[in-house]
>>> print(open('start-v2.txt').read())   # compact mmCIF, C-alpha atoms
# COMPACT_ATOMS: atom_id res chain seq x y z
CA MET A 8 -12.51 16.58 -12.42
CA LEU A 9 -13.97 19.24 -10.15
CA ASP A 10 -16.84 19.62 -12.65
CA VAL A 11 -17.39 15.86 -12.50
CA LYS A 12 -17.43 16.15 -8.71
CA ALA A 13 -20.12 18.83 -9.05
CA GLY A 14 -22.25 16.35 -11.03
CA ASP A 15 -21.44 17.42 -14.59
CA ASP A 16 -21.67 14.24 -16.68
CA ALA A 17 -20.35 16.00 -19.82
CA SER A 18 -17.05 16.59 -18.00
CA PHE A 19 -16.79 12.89 -17.26
CA ASP A 20 -17.19 12.26 -20.99
CA PHE A 21 -14.40 14.73 -21.64
CA LEU A 22 -12.09 12.86 -19.21
CA LEU A 23 -13.03 9.58 -20.87
CA GLN A 24 -12.13 10.94 -24.32
CA LYS A 25 -8.89 12.49 -23.16
CA TYR A 26 -7.45 9.67 -21.08
CA ARG A 27 -8.87 6.46 -22.59
CA SER A 28 -5.98 5.98 -25.05
CA PRO A 29 -3.08 6.62 -22.66
CA LEU A 30 -4.82 4.49 -20.03
CA VAL A 31 -5.51 1.54 -22.33
CA ASN A 32 -1.94 1.72 -23.66
CA PHE A 33 -0.43 1.82 -20.21
CA LEU A 34 -2.57 -1.08 -19.02
CA HIS A 35 -1.92 -3.05 -22.20
CA ARG A 36 1.84 -2.71 -21.68
CA MET A 37 1.41 -3.70 -18.05
CA VAL A 38 -0.76 -6.81 -18.57
CA ARG A 39 0.07 -7.66 -22.23
CA ASP A 40 -3.51 -8.51 -23.12
CA THR A 41 -5.85 -6.18 -25.03
CA ALA A 42 -9.13 -7.49 -23.63
CA THR A 43 -7.83 -7.45 -20.03
CA ALA A 44 -6.37 -3.97 -20.55
CA GLU A 45 -9.75 -2.67 -21.73
CA ASP A 46 -11.56 -4.32 -18.83
CA LEU A 47 -9.10 -2.78 -16.39
CA ALA A 48 -9.40 0.64 -18.05
CA GLN A 49 -13.16 0.46 -17.64
CA GLU A 50 -12.63 -0.45 -14.00
CA VAL A 51 -10.35 2.58 -13.55
CA PHE A 52 -12.95 4.95 -15.04
CA LEU A 53 -15.61 3.41 -12.86
CA ARG A 54 -13.46 3.92 -9.76
CA VAL A 55 -12.86 7.53 -10.78
CA TYR A 56 -16.61 8.01 -11.14
CA ARG A 57 -17.35 6.36 -7.78
CA ALA A 58 -14.69 8.42 -6.00
CA ARG A 59 -15.64 11.73 -7.62
CA LYS A 60 -17.25 13.06 -4.42
CA GLN A 61 -14.11 12.37 -2.39
CA TYR A 62 -11.73 13.86 -4.96
CA THR A 63 -9.53 16.67 -3.65
CA PRO A 64 -7.23 18.52 -6.07
CA SER A 65 -4.15 18.02 -3.86
CA ALA A 66 -2.25 16.43 -6.75
CA LYS A 67 -2.51 16.47 -10.53
CA PHE A 68 -5.46 14.55 -11.91
CA THR A 69 -3.14 12.36 -14.00
CA THR A 70 -1.23 11.36 -10.85
CA TRP A 71 -4.48 10.27 -9.21
CA LEU A 72 -5.70 8.51 -12.36
CA PHE A 73 -2.48 6.60 -12.99
CA ARG A 74 -2.17 5.70 -9.34
CA ILE A 75 -5.54 3.97 -9.57
CA ALA A 76 -4.51 2.40 -12.89
CA THR A 77 -1.20 1.13 -11.48
CA ASN A 78 -2.91 -0.44 -8.47
CA VAL A 79 -5.54 -2.07 -10.67
CA ALA A 80 -2.85 -3.38 -13.05
CA LEU A 81 -0.60 -4.71 -10.29
CA ASN A 82 -3.54 -6.49 -8.64
CA SER A 83 -4.51 -8.02 -11.97
CA VAL A 84 -0.97 -9.19 -12.71
CA ARG A 85 -0.68 -10.75 -9.25
CA ASP A 86 -4.11 -12.40 -9.43
CA ASN A 87 -3.35 -13.71 -12.91
CA ARG A 88 -0.02 -15.09 -11.77
CA TYR A 89 -1.71 -16.80 -8.81
CA GLN A 90 -4.36 -18.33 -11.10
CA LYS A 91 -1.70 -19.60 -13.51
CA MET A 92 0.17 -21.17 -10.60
CA GLN A 93 -3.02 -22.92 -9.56
CA ILE A 94 -3.72 -24.28 -13.04
CA SER A 95 -0.24 -25.68 -13.59
CA ILE A 96 3.16 -24.79 -12.35
CA ASP A 97 4.95 -26.49 -15.23
CA ALA A 98 2.68 -25.62 -18.16
CA PRO A 99 4.42 -23.19 -20.52
CA VAL A 100 2.65 -19.89 -20.98
CA ASP A 101 1.64 -19.35 -24.58
CA GLU A 102 2.64 -15.73 -24.80
CA ASP A 103 2.10 -15.52 -28.55
CA SER A 104 -1.61 -16.09 -28.13
CA GLN A 105 -1.77 -13.05 -25.85
CA ALA A 106 -0.14 -10.73 -28.35
CA PRO A 107 -2.63 -8.23 -29.73
CA MET A 108 -3.48 -8.38 -33.39
CA GLU A 109 -1.91 -5.61 -35.39
CA LEU A 110 -2.85 -4.97 -38.97
CA PRO A 111 0.10 -4.38 -41.31
CA ALA A 112 0.46 -1.00 -42.90
CA ARG A 113 -0.42 -1.28 -46.62
CA GLU A 114 2.70 0.37 -47.95
CA LYS A 115 5.05 -2.08 -46.20
CA ARG A 116 6.19 -5.34 -47.68
CA ILE A 117 5.19 -8.49 -45.85
CA ASP A 118 8.78 -9.49 -44.94
CA GLN A 119 9.42 -6.02 -43.61
CA HIS A 120 6.27 -6.28 -41.55
CA MET A 121 7.36 -9.66 -40.14
CA ILE A 122 10.71 -8.25 -39.10
CA GLU A 123 8.98 -5.33 -37.42
CA ARG A 124 6.52 -7.63 -35.71
CA ASP A 125 9.40 -9.71 -34.36
CA ARG A 126 11.12 -6.61 -33.05
CA THR A 127 7.91 -5.41 -31.44
CA GLU A 128 7.44 -8.76 -29.78
CA ILE A 129 11.00 -8.75 -28.43
CA ILE A 130 10.48 -5.25 -26.98
CA ARG A 131 7.16 -6.29 -25.44
CA ARG A 132 8.72 -9.35 -23.85
CA ALA A 133 11.65 -7.36 -22.53
CA ILE A 134 9.30 -4.86 -20.87
CA TRP A 135 7.12 -7.68 -19.60
CA SER A 136 10.12 -9.47 -18.08
CA LEU A 137 10.80 -6.53 -15.75
CA PRO A 138 9.56 -6.75 -12.16
CA GLU A 139 6.11 -5.13 -11.90
CA LYS A 140 7.17 -1.93 -10.16
CA GLN A 141 10.12 -1.39 -12.52
CA ARG A 142 7.80 -2.01 -15.47
CA ALA A 143 5.30 0.57 -14.22
CA ALA A 144 8.14 3.06 -13.63
CA VAL A 145 9.51 2.62 -17.17
CA LEU A 146 6.06 2.90 -18.77
CA LEU A 147 5.20 6.06 -16.86
CA HIS A 148 8.64 7.56 -17.54
CA LYS A 149 9.13 6.58 -21.16
CA TYR A 150 5.62 6.52 -22.62
CA GLU A 151 3.60 8.85 -20.39
CA GLU A 152 6.59 11.22 -20.02
CA MET A 153 5.76 12.00 -16.41
CA ASP A 154 8.22 13.79 -14.16
CA TYR A 155 9.99 12.02 -11.30
CA ALA A 156 7.89 13.56 -8.54
CA GLU A 157 4.68 12.43 -10.21
CA ILE A 158 5.91 8.87 -10.83
CA ALA A 159 7.23 8.66 -7.28
CA ARG A 160 3.78 9.65 -5.98
CA ILE A 161 2.07 7.08 -8.16
CA LEU A 162 4.41 4.29 -7.08
CA ASP A 163 4.45 5.49 -3.47
CA CYS A 164 8.22 5.81 -3.16
CA SER A 165 10.83 8.56 -2.82
CA GLU A 166 12.38 10.24 -5.85
CA GLY A 167 15.76 8.71 -4.97
CA ALA A 168 14.23 5.23 -4.84
CA LEU A 169 12.52 5.90 -8.16
CA LYS A 170 15.79 6.94 -9.83
CA SER A 171 17.50 3.75 -8.78
CA LEU A 172 14.40 1.74 -9.79
CA LEU A 173 14.53 3.31 -13.26
CA PHE A 174 18.28 2.78 -13.54
CA ARG A 175 17.94 -0.92 -12.70
CA ALA A 176 15.07 -1.29 -15.18
CA TYR A 177 16.96 0.40 -18.04
CA GLU A 178 20.05 -1.64 -17.21
CA THR A 179 18.03 -4.84 -17.66
CA LEU A 180 16.54 -3.52 -20.90
CA ARG A 181 20.00 -2.43 -22.10
CA VAL A 182 21.20 -6.04 -21.86
CA GLN A 183 18.03 -7.62 -23.25
CA LEU A 184 17.54 -5.21 -26.14
CA ALA A 185 21.22 -4.88 -27.07
CA PRO A 186 20.81 -6.97 -30.28
CA LEU A 187 18.02 -4.66 -31.48
CA VAL A 188 20.10 -1.57 -30.78
CA THR A 189 23.03 -2.98 -32.73
CA ARG A 190 20.76 -3.98 -35.64
CA ALA A 191 19.16 -0.54 -35.72
CA ALA A 192 22.60 1.13 -35.72
CA THR A 193 23.75 -1.10 -38.60
CA GLN A 194 20.58 -0.29 -40.56
CA ARG A 195 21.09 3.43 -40.03
CA ALA A 196 24.71 3.14 -41.17
CA GLU A 197 23.64 1.24 -44.31
CA GLU A 198 20.99 3.83 -45.09
CA ARG A 199 23.56 6.62 -44.81
CA ARG A 200 26.08 4.85 -47.10
CA PRO A 201 25.90 6.16 -50.68
CA SER A 202 24.75 3.47 -53.16
CA MET B 30 31.81 12.47 -9.67
CA LYS B 31 32.29 8.72 -9.45
CA CYS B 32 30.83 6.18 -11.89
CA GLU B 33 28.30 5.07 -9.25
CA GLU B 34 27.05 8.61 -8.73
CA VAL B 35 26.87 9.20 -12.48
CA SER B 36 24.79 6.07 -12.97
CA ARG B 37 22.28 7.48 -10.48
CA GLU B 38 22.01 10.74 -12.43
CA LEU B 39 22.41 9.30 -15.92
CA ILE B 40 18.70 8.79 -16.70
CA GLU B 41 17.87 12.31 -15.55
CA TYR B 42 20.74 13.65 -17.65
CA LEU B 43 19.75 11.73 -20.78
CA ASP B 44 16.10 12.78 -20.72
CA ARG B 45 17.18 16.40 -20.17
CA ARG B 46 15.55 16.78 -16.78
CA ALA B 47 18.78 17.38 -14.83
CA ASP B 48 19.59 20.96 -13.84
CA SER B 49 22.57 22.76 -15.39
CA ALA B 50 24.98 22.01 -12.50
CA GLU B 51 24.16 18.29 -12.60
CA ARG B 52 24.45 18.27 -16.39
CA ARG B 53 27.90 19.84 -16.24
CA GLU B 54 29.09 17.33 -13.64
CA VAL B 55 27.81 14.36 -15.67
CA GLU B 56 29.29 15.75 -18.90
CA GLU B 57 32.68 16.24 -17.26
CA HIS B 58 32.62 12.63 -16.06
CA LEU B 59 31.46 11.25 -19.42
CA ALA B 60 34.26 13.12 -21.19
CA GLY B 61 36.85 11.17 -19.18
CA CYS B 62 35.11 7.79 -18.61
CA THR B 63 34.75 5.48 -21.61
CA ALA B 64 32.60 2.91 -19.80
CA CYS B 65 30.00 5.47 -18.65
CA ARG B 66 30.00 7.14 -22.06
CA LYS B 67 29.32 3.77 -23.72
CA ARG B 68 26.53 3.05 -21.25
CA ALA B 69 24.95 6.47 -21.92
CA GLU B 70 25.01 5.81 -25.66
CA GLU B 71 23.42 2.39 -25.14
CA PHE B 72 20.68 3.92 -23.01
CA ARG B 73 19.95 6.39 -25.81
CA GLY B 74 19.81 3.47 -28.25
CA ILE B 75 17.37 1.60 -26.02
CA TRP B 76 15.07 4.57 -25.77
CA SER B 77 14.85 4.82 -29.53
CA VAL B 78 14.15 1.06 -29.69
CA LEU B 79 11.39 1.45 -27.07
CA ASP B 80 9.83 4.13 -29.29
CA GLU B 81 9.16 1.43 -31.88
CA LEU B 82 6.51 -0.14 -29.68
CA PRO B 83 3.22 0.71 -31.40
CA ALA B 84 0.34 2.23 -29.49
CA VAL B 85 -2.94 0.34 -29.27
CA GLU B 86 -6.28 2.06 -29.64
CA PRO B 87 -9.28 1.20 -27.47
CA SER B 88 -11.85 -0.90 -29.28
CA PHE B 89 -14.91 0.63 -30.95
CA GLY B 90 -17.33 -0.09 -28.12
CA PHE B 91 -15.04 0.96 -25.28
CA ASP B 92 -16.70 4.31 -24.51
CA ALA B 93 -20.17 2.81 -24.70
CA ARG B 94 -19.23 0.08 -22.23
CA VAL B 95 -17.78 2.61 -19.77
CA ARG B 96 -20.92 4.77 -20.04
CA GLN B 97 -23.10 1.70 -19.58
CA ARG B 98 -21.25 0.70 -16.41
CA VAL B 99 -21.37 4.25 -15.08
CA ALA B 100 -25.12 4.43 -15.77
CA ALA B 101 -25.60 1.14 -13.90
CA GLU B 102 -24.01 2.62 -10.78
CA PRO B 103 -26.60 3.15 -8.03
CA GLN B 104 -27.35 6.83 -7.53
CA ARG B 105 -27.09 8.15 -3.97
CA ARG B 106 -30.35 9.58 -2.66
CA TRP B 107 -30.71 12.58 -0.40
CA PHE B 108 -31.59 10.55 2.74
CA GLU B 109 -28.55 8.29 2.34
CA TRP B 110 -26.51 11.01 3.97
CA PHE B 111 -28.21 10.11 7.27
CA VAL B 112 -27.65 6.39 6.87
CA PRO B 113 -24.39 5.48 8.58
CA GLN B 114 -21.77 3.27 7.07
CA PRO B 115 -22.30 -0.44 7.93
CA ARG B 116 -18.97 -0.77 9.77
CA LEU B 117 -19.62 2.37 11.78
CA ALA B 118 -23.13 1.19 12.68
CA LEU B 119 -21.84 -2.23 13.79
CA SER B 120 -19.08 -0.66 15.92
CA ALA B 121 -21.56 1.71 17.59
CA ALA B 122 -24.00 -1.16 18.31
CA LEU B 123 -21.21 -3.28 19.85
CA LEU B 124 -20.07 -0.36 21.99
CA ILE B 125 -23.61 0.26 23.29
CA ALA B 126 -24.12 -3.47 24.03
CA LEU B 127 -20.81 -3.60 25.93
CA THR B 128 -21.73 -0.51 27.98
CA VAL B 129 -25.13 -1.96 28.91
CA TRP B 130 -23.59 -5.30 29.87
CA ILE B 131 -20.98 -3.65 32.13
CA ALA B 132 -23.64 -1.40 33.72
CA LYS B 133 -26.04 -4.29 34.47
CA ARG B 134 -23.40 -6.67 35.83
CA PRO B 135 -23.71 -7.36 39.65
CA ALA B 136 -21.24 -5.29 41.65
CA ASN B 137 -19.69 -8.30 43.54
CA THR B 138 -18.94 -10.39 40.49
CA PRO B 139 -15.19 -10.90 40.55
CA VAL B 140 -13.47 -9.66 37.47
CA PRO B 141 -10.21 -11.43 36.59
CA GLY B 142 -7.23 -9.26 37.42
CA ILE B 143 -9.16 -6.97 39.76
CA PRO B 144 -9.18 -7.74 43.55
CA ALA B 145 -12.59 -8.71 44.90
CA ALA B 146 -14.63 -6.09 46.74
CA PRO B 147 -15.05 -6.66 50.58
CA THR B 148 -18.03 -8.83 51.58
CA SER B 149 -20.77 -7.59 53.95
CA ALA B 150 -19.58 -9.83 56.91
CA SER B 151 -16.04 -8.51 56.86
CA ALA B 152 -17.38 -4.96 56.52
CA GLU B 153 -19.42 -5.48 59.73
CA GLN B 154 -16.34 -6.68 61.64
CA ASP B 155 -14.42 -3.64 60.52
CA PHE B 156 -17.28 -1.40 61.66
CA ASN B 157 -17.32 -2.96 65.17
CA ALA B 158 -13.58 -2.54 65.52
CA ILE B 159 -13.91 1.13 64.69
CA LYS B 160 -16.75 1.40 67.26
CA ASP B 161 -14.45 0.01 70.00
CA LEU B 162 -11.65 2.40 69.19
CA GLY B 163 -12.93 4.81 71.89
CA VAL B 164 -12.52 2.11 74.58
CA LEU B 165 -8.97 1.31 73.50
CA GLU B 166 -8.02 4.94 73.59
CA ASN B 167 -9.18 5.25 77.25
CA TYR B 168 -5.92 4.90 79.27
CA ASP B 169 -7.59 3.76 82.49
CA VAL B 170 -9.37 0.92 80.77
CA VAL B 171 -6.16 -0.19 79.08
CA THR B 172 -4.16 -0.23 82.39
CA LYS B 173 -6.90 -2.25 84.09
CA MET B 174 -6.80 -4.71 81.23
CA ASP B 175 -3.04 -5.03 81.79
CA ALA B 176 -3.71 -5.94 85.42
CA LEU B 177 -6.24 -8.50 84.35
CA SER B 178 -3.80 -10.06 81.95
CA GLU B 179 -1.37 -10.68 84.83
CA LEU B 180 -3.92 -12.92 86.48
CA ALA B 181 -3.54 -16.60 86.02
CA PRO B 182 -5.83 -18.17 83.53
CA ALA B 183 -8.99 -19.72 84.91
CA ASP B 184 -8.06 -23.33 84.07
CA ALA B 185 -4.68 -23.10 85.83
CA GLN B 186 -4.22 -24.91 89.21
CA PRO B 187 -5.05 -22.74 92.19
CA PRO B 188 -2.00 -21.81 94.33
CA GLU B 189 -1.40 -23.85 97.48
CA LYS B 190 -3.14 -22.53 100.57
CA GLN B 191 -0.71 -20.78 102.85
CA LEU B 192 -0.78 -22.13 106.31
CA PRO B 193 -1.01 -19.88 109.31
CA SER B 194 2.45 -19.06 110.65
CA GLY B 195 1.88 -20.82 114.04
CA ALA B 196 0.74 -24.23 112.68
CA GLU B 197 4.15 -25.44 111.55
CA SER B 198 5.75 -24.80 114.93
CA ASN B 199 3.03 -26.94 116.60
CA ASP B 200 4.40 -30.25 115.03
>>> encode(input="start-v2.txt", output="structure tokens")
Amino acid sequence: MLDVKAGDDASFDFLLQKYRSPLVNFLHRMVRDTATAEDLAQEVFLRVYRARKQYTPSAKFTTWLFRIATNVALNSVRDNRYQKMQISIDAPVDEDSQAPMELPAREKRIDQHMIERDRTEIIRRAIWSLPEKQRAAVLLHKYEEMDYAEIARILDCSEGALKSLLFRAYETLRVQLAPLVTRAATQRAEERRPS
Amino acid sequence: MKCEEVSRELIEYLDRRADSAERREVEEHLAGCTACRKRAEEFRGIWSVLDELPAVEPSFGFDARVRQRVAAEPQRRWFEWFVPQPRLALSAALLIALTVWIAKRPANTPVPGIPAAPTSASAEQDFNAIKDLGVLENYDVVTKMDALSELAPADAQPPEKQLPSGAESND
């Protein structure tokens, strides 16, 4: 990032290559829409570029990057919610239409793929149902594998507050995803049983 | 360790980020508490379920769009360093205008909350009083003024004329 600050455009390209996938994934899990996630990721990179002159290496670059990404995602989620409230309070949200298209792996049977797709959708909905800050905490902890200090800095809270935030989030997920855990355990047991 | 304390440390313990002392404490508790042990196992199960969520890849034109937007950003020129920020410029202009207005305001204009300055007439009276201070401090003048004050006022009735002592006896 310091090279980008010095005006090296090739270094910006390097940052783009390195962080585009984790950023798009994080934003996709936050907003549950591929097109919006990509738009927001572009916005994040643009903000990084604009702020390159003011960048000071006081924290890790990823902390700074994901802090921008979290703020952008939370603003988008809140704006989107406000717009939906304006359109209709009672209209059901068609969440299936927002699910990104995933191509089935060739070696899997179609019924197996449908089961997997269902499971994926249940997991997505469970994550989505978490309050925004809890959702961001889980995504940064579970998928970005960041340490507590880093996540606490991104979410602007203490480490103690973060631990209880994570505990509450995983408690909710534990209840919501319990059927999937049981099913997975049964499947594993069946696989282990000699035929 | 109580169940409540363990629940606070459980996530850190399960993702192997707790230090050895904390790990030992949690393990000791889990060995004796069925409910917390069950919860820990369920958390582990949930984490493996969360791993099933597939990653999405950015679309083909993502990089090109970012580069396009970056290229469209206005480049800062060398003289822009001298150009102040709009908010700063506005604040400075307002401050200068306020200073000029206060400086040009007439001195006797009453400002709410501040007592009015003395007028020129009252200032003249005060000056005359100070000028007469020398007279008042002269003791002789003051004593003579006391004698004068004992005199009857001019509009009072004059005292009856005293008759000569021999006139009354003549009746």
>>> atom_distance(input="start-v2.txt", atom1="CA of Ala66 (chain A)", atom2="CA of Ala80 (chain A)")
20.8 Å
>>> interface_residues(input="start-v2.txt", of="chain B", to="chain A", cutoff="7 Å", atoms="all atoms listed in the file", output="number ranges by chain")
B: 37, 40, 71-72, 74-75, 78-79, 81-82, 84-87, 95, 99
>>> write_last_selection(input="start-v2.txt", atoms="C-alpha atoms", output="mmCIF file, in the coordinates of the input")
data_model
loop_
_atom_site.group_PDB
_atom_site.id
_atom_site.type_symbol
_atom_site.label_atom_id
_atom_site.label_comp_id
_atom_site.auth_asym_id
_atom_site.auth_seq_id
_atom_site.Cartn_x
_atom_site.Cartn_y
_atom_site.Cartn_z
ATOM 1 C CA ARG B 37 22.280 7.480 -10.480
ATOM 2 C CA ILE B 40 18.700 8.790 -16.700
ATOM 3 C CA GLU B 71 23.420 2.390 -25.140
ATOM 4 C CA PHE B 72 20.680 3.920 -23.010
ATOM 5 C CA GLY B 74 19.810 3.470 -28.250
ATOM 6 C CA ILE B 75 17.370 1.600 -26.020
ATOM 7 C CA VAL B 78 14.150 1.060 -29.690
ATOM 8 C CA LEU B 79 11.390 1.450 -27.070
ATOM 9 C CA GLU B 81 9.160 1.430 -31.880
ATOM 10 C CA LEU B 82 6.510 -0.140 -29.680
ATOM 11 C CA ALA B 84 0.340 2.230 -29.490
ATOM 12 C CA VAL B 85 -2.940 0.340 -29.270
ATOM 13 C CA GLU B 86 -6.280 2.060 -29.640
ATOM 14 C CA PRO B 87 -9.280 1.200 -27.470
ATOM 15 C CA VAL B 95 -17.780 2.610 -19.770
ATOM 16 C CA VAL B 99 -21.370 4.250 -15.080
#
>>> atom_distance(input="start-v2.txt", atom1="CA of Leu147 (chain A)", atom2="CA of Gly90 (chain B)")
25.9 Å
>>> atom_distance(input="start-v2.txt", atom1="CA of Trp76 (chain B)", atom2="CA of Leu169 (chain A)")
17.8 Å
>>> axis_aligned_box(input="start-v2.txt", around="region 54-58 of chain A", padding_each_side="5 Å", output="JSON")
{"center_x": -15.1, "center_y": 6.2, "center_z": -8.6, "size_x": 14.5, "size_y": 14.5, "size_z": 15.1}
>>> closest_residue(input="start-v2.txt", among="A:Trp71, A:Trp135, A:Tyr26, A:Phe21", to="Arg59 (chain A)", atoms="only C-alpha atoms")
A:Trp71
